[in-house]
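Here is the structure we will look at, set down as structure tokens.
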Amino acid sequence: EGIVGDRVAVLGTAGFDEEAWDLTLGPLLAENGIDATEAFIDTSAGDANAVFASVDTVLARFEAEGLEQVFIVSSPTAFFATARFALTDYSPQLLFTQTTSVDTYITTEGNDLSVMEGAVIAGSFDARNRYAELGGATAECLGIVEAGGIELKPESELVGDEPAQIIAALRACRNLYIVEAVLEAAGPELNYGTFQTAFHRLGEIDVPGQPKPLNYGPPPSTDGDLVPQLYSVDTAAGQMVDY
């Protein structure tokens, strides 16, 4: 969508190795004419100082190469790397492929949020906190849950040991609605073949917890992938907002 420029640094963990790179992000960036300089940090050693030293070395190399965007593609790297930017004069635009570590960083007291200026975070729709914005299957199914006497609250409003009923409710609703759609499409004779055919012909269905219908069909292009959601960071408020 024009967010990533012609040259980008990619920072991942040893778990996101060259084989994973060659199968996923590498070809995607290449297809879009984006030149990438990648580095993978081993965050599994248990020695935070060693990890920090590795991150600092990599960031110095990215800065020397004049890379103005850093694409952080794993949660451990986001945890170890984000705070290191605040200790240097290197201030590239940060791009993230998941929301969890970003949310943890910006909500932890004392962290420097200036490093998040201009950041773009890709994730899925935050149904756990924003389910009330959704109608359709979401409102219908959660209405059934609440009618059964279960109190639902956004995850961010839970206090202490309050159970996160919304997480269980959304998971149950999602699974049941998908199963129902597949059973209806499969017909009266249920076996491996009719189930597979049903999935491949299902098309778009309204799934609880999603802002748009999910599309099911022959993989890999239409296999029910979640609709991507982009966020930025309101540094003054200390929270993620829609991009």
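In the structure tokens, chains take the letters A, B, ... in the order shown, each chain's residues start at 1, and ligands count up from 1 in the order shown.
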Produce a table with one row for each residue of stretch 99-217 of chain A that has an atom at most 12 Å from any atom of stretch 48-69 of chain A, each row naming the nearest atom pair and its distance in Å at one decimal; use only C-alpha atoms; arrange rows by chain and rising residue number; format as a Markdown table.
```
| residue | atom | partner | partner_atom | distance |
| --- | --- | --- | --- | --- |
| A:Gly118 | CA | A:Gln69 | CA | 10.3 |
| A:Ala119 | CA | A:Gln69 | CA | 9.4 |
| A:Val120 | CA | A:Gln69 | CA | 10.5 |
```
Now that the selection is made, can you save its residues with N, CA and C atoms as a tab-separated table (two decimals), in the first residue's frame?
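To be explicit, this is the file written out as again19.tsv:
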```
chain	number	residue	atom	x	y	z
A	118	GLY	N	5.53	7.95	13.80
A	118	GLY	CA	5.47	7.49	12.41
A	118	GLY	C	5.45	5.99	12.23
A	119	ALA	N	5.46	5.23	13.31
A	119	ALA	CA	5.45	3.77	13.20
A	119	ALA	C	4.14	3.28	12.58
A	120	VAL	N	4.23	2.17	11.86
A	120	VAL	CA	3.05	1.51	11.30
A	120	VAL	C	3.07	0.06	11.76
```
Among stretch 15-177 of chain A, which residues carry a DSSP assignment of strand (DSSP E or B), reported as a VMD selection string?
-> chain A and resid 35 to 41 69 to 72 93 to 96 120 to 124
Within 6 Å of stretch 123-125 of chain A, counting only C-alpha atoms, which residues qualify if same-chain residues fewer than 4 places away don't, as a PyMOL selection string?
-> chain A and resi 98-99+228-229
Would you mind exporting C-alpha atoms of the selected residues as a CSV table (one decimal), in the first residue's frame?
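Written output follows (out.csv):
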```
chain,number,residue,atom,x,y,z
A,98,GLN,CA,2.3,-7.8,15.1
A,99,THR,CA,0.7,-5.7,17.7
A,228,PRO,CA,-5.2,-7.1,7.9
A,229,GLN,CA,-5.6,-4.0,10.1
```
For stretch 141-149 of chain A, find every residue with an atom within 10 Å (counting only C-alpha atoms), except residues of its own chain fewer than 6 positions away, and show them as a CSV table (one decimal) with N, CA and C atoms, in the first residue's frame.
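Saved file selection21.csv follows:
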```csv
chain,number,residue,atom,x,y,z
A,131,TYR,N,-15.3,-5.2,19.9
A,131,TYR,CA,-16.4,-6.0,19.4
A,131,TYR,C,-17.7,-5.2,19.3
A,132,ALA,N,-17.9,-4.2,20.1
A,132,ALA,CA,-19.1,-3.4,20.1
A,132,ALA,C,-19.3,-2.7,18.8
A,135,GLY,N,-21.4,-5.4,13.8
A,135,GLY,CA,-22.8,-5.9,13.8
A,135,GLY,C,-22.8,-7.3,13.3
A,165,GLN,N,-14.0,-13.3,29.6
A,165,GLN,CA,-15.1,-14.0,28.9
A,165,GLN,C,-15.2,-13.7,27.4
A,166,ILE,N,-14.8,-12.5,27.1
A,166,ILE,CA,-14.9,-12.1,25.7
A,166,ILE,C,-14.0,-12.9,24.8
A,169,ALA,N,-15.7,-16.3,24.3
A,169,ALA,CA,-16.9,-16.1,23.6
A,169,ALA,C,-16.6,-15.9,22.1
A,170,LEU,N,-15.7,-15.0,21.8
A,170,LEU,CA,-15.3,-14.8,20.4
A,170,LEU,C,-14.8,-16.0,19.7
A,172,ALA,N,-15.4,-19.2,20.5
A,172,ALA,CA,-16.5,-20.2,20.3
A,172,ALA,C,-17.4,-19.7,19.2
A,173,CYS,N,-17.7,-18.4,19.1
A,173,CYS,CA,-18.6,-17.9,18.1
A,173,CYS,C,-18.0,-18.1,16.7
A,174,ARG,N,-16.7,-17.8,16.6
A,174,ARG,CA,-16.0,-17.9,15.3
A,174,ARG,C,-16.0,-19.4,14.8
A,176,LEU,N,-17.9,-21.9,15.7
A,176,LEU,CA,-19.3,-22.5,15.5
A,176,LEU,C,-19.9,-22.0,14.2
A,177,TYR,N,-19.6,-20.7,13.9
A,177,TYR,CA,-20.2,-20.1,12.7
A,177,TYR,C,-19.5,-20.7,11.4
A,207,VAL,N,-17.9,-13.8,9.7
A,207,VAL,CA,-17.4,-14.6,10.9
A,207,VAL,C,-17.3,-13.6,12.1
A,208,PRO,N,-17.9,-14.0,13.2
A,208,PRO,CA,-17.8,-13.2,14.4
A,208,PRO,C,-16.4,-12.7,14.7
A,209,GLY,N,-16.3,-11.5,15.1
A,209,GLY,CA,-15.0,-10.9,15.5
A,209,GLY,C,-14.2,-10.3,14.3
```
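Remark: for A:Val70, the closest of the candidate residues A:Ala127, A:Leu94, A:Ile3, A:Ala186 is A:Leu94 (distances computed over only C-alpha atoms).
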From A:Glu189, A:Asp42, A:Asp161, A:Asp112, residue lying nearest A:Ala236 [only C-alpha atoms] = A:Asp112
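Compared by their closest atoms to A:Pro92, and using only C-alpha atoms, the residues A:Gly224, A:Gly187, A:Pro213, A:Gly5 rank with A:Gly5 nearest.
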Using only C-alpha atoms, what table do you get, as JSON lines, when you list each residue of stretch 54-155 of chain A with an atom no more than 12 Å from stretch 17-34 of chain A, its nearest pair of atoms, and their distance in Å rounded to one decimal, rows by chain then rising number?
```
{"residue": "A:Gln69", "atom": "CA", "partner": "A:Ile34", "partner_atom": "CA", "distance": 11.5}
{"residue": "A:Phe71", "atom": "CA", "partner": "A:Leu25", "partner_atom": "CA", "distance": 10.5}
{"residue": "A:Ile72", "atom": "CA", "partner": "A:Leu25", "partner_atom": "CA", "distance": 11.5}
{"residue": "A:Val73", "atom": "CA", "partner": "A:Leu25", "partner_atom": "CA", "distance": 9.1}
{"residue": "A:Ser74", "atom": "CA", "partner": "A:Asp17", "partner_atom": "CA", "distance": 11.3}
{"residue": "A:Thr97", "atom": "CA", "partner": "A:Leu25", "partner_atom": "CA", "distance": 10.8}
```
Output the selection as a short mmCIF file (atom, residue, chain, number, x, y, z; two decimals), in the first residue's frame - C-alpha atoms for each residue.
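Everything below was put into selection.cif:
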```cif
data_model
loop_
_atom_site.label_atom_id
_atom_site.label_comp_id
_atom_site.auth_asym_id
_atom_site.auth_seq_id
_atom_site.Cartn_x
_atom_site.Cartn_y
_atom_site.Cartn_z
CA GLN A 69 12.83 2.14 7.59
CA PHE A 71 10.81 -3.74 9.41
CA ILE A 72 10.57 -5.73 12.69
CA VAL A 73 9.10 -9.12 11.91
CA SER A 74 8.93 -10.97 15.22
CA THR A 97 4.12 -7.25 11.73
#
```
Mind checking DSSP for stretch 130-199 of chain A and telling me the helix (DSSP H, G or I) residues as a PyMOL selection string?
-> chain A and resi 130-133+136-147+155-157+165-186+192-199
Hey, can you check how far atom CA of A:Leu113 sits from atom CA of A:Leu87?
-> 12.1 Å
Taken to one decimal, the atom CA of A:Val8-atom CA of A:Ser91 distance is 13.4 Å
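Between A:Glu180 and the candidates A:Leu202, A:Thr235, A:Ala168, A:Gly136, the tightest atom-to-atom separation, counting only C-alpha atoms, involves A:Leu202.
Note that atom CA of A:Ala9 and atom CA of A:Ala39 are 8.0 Å apart.
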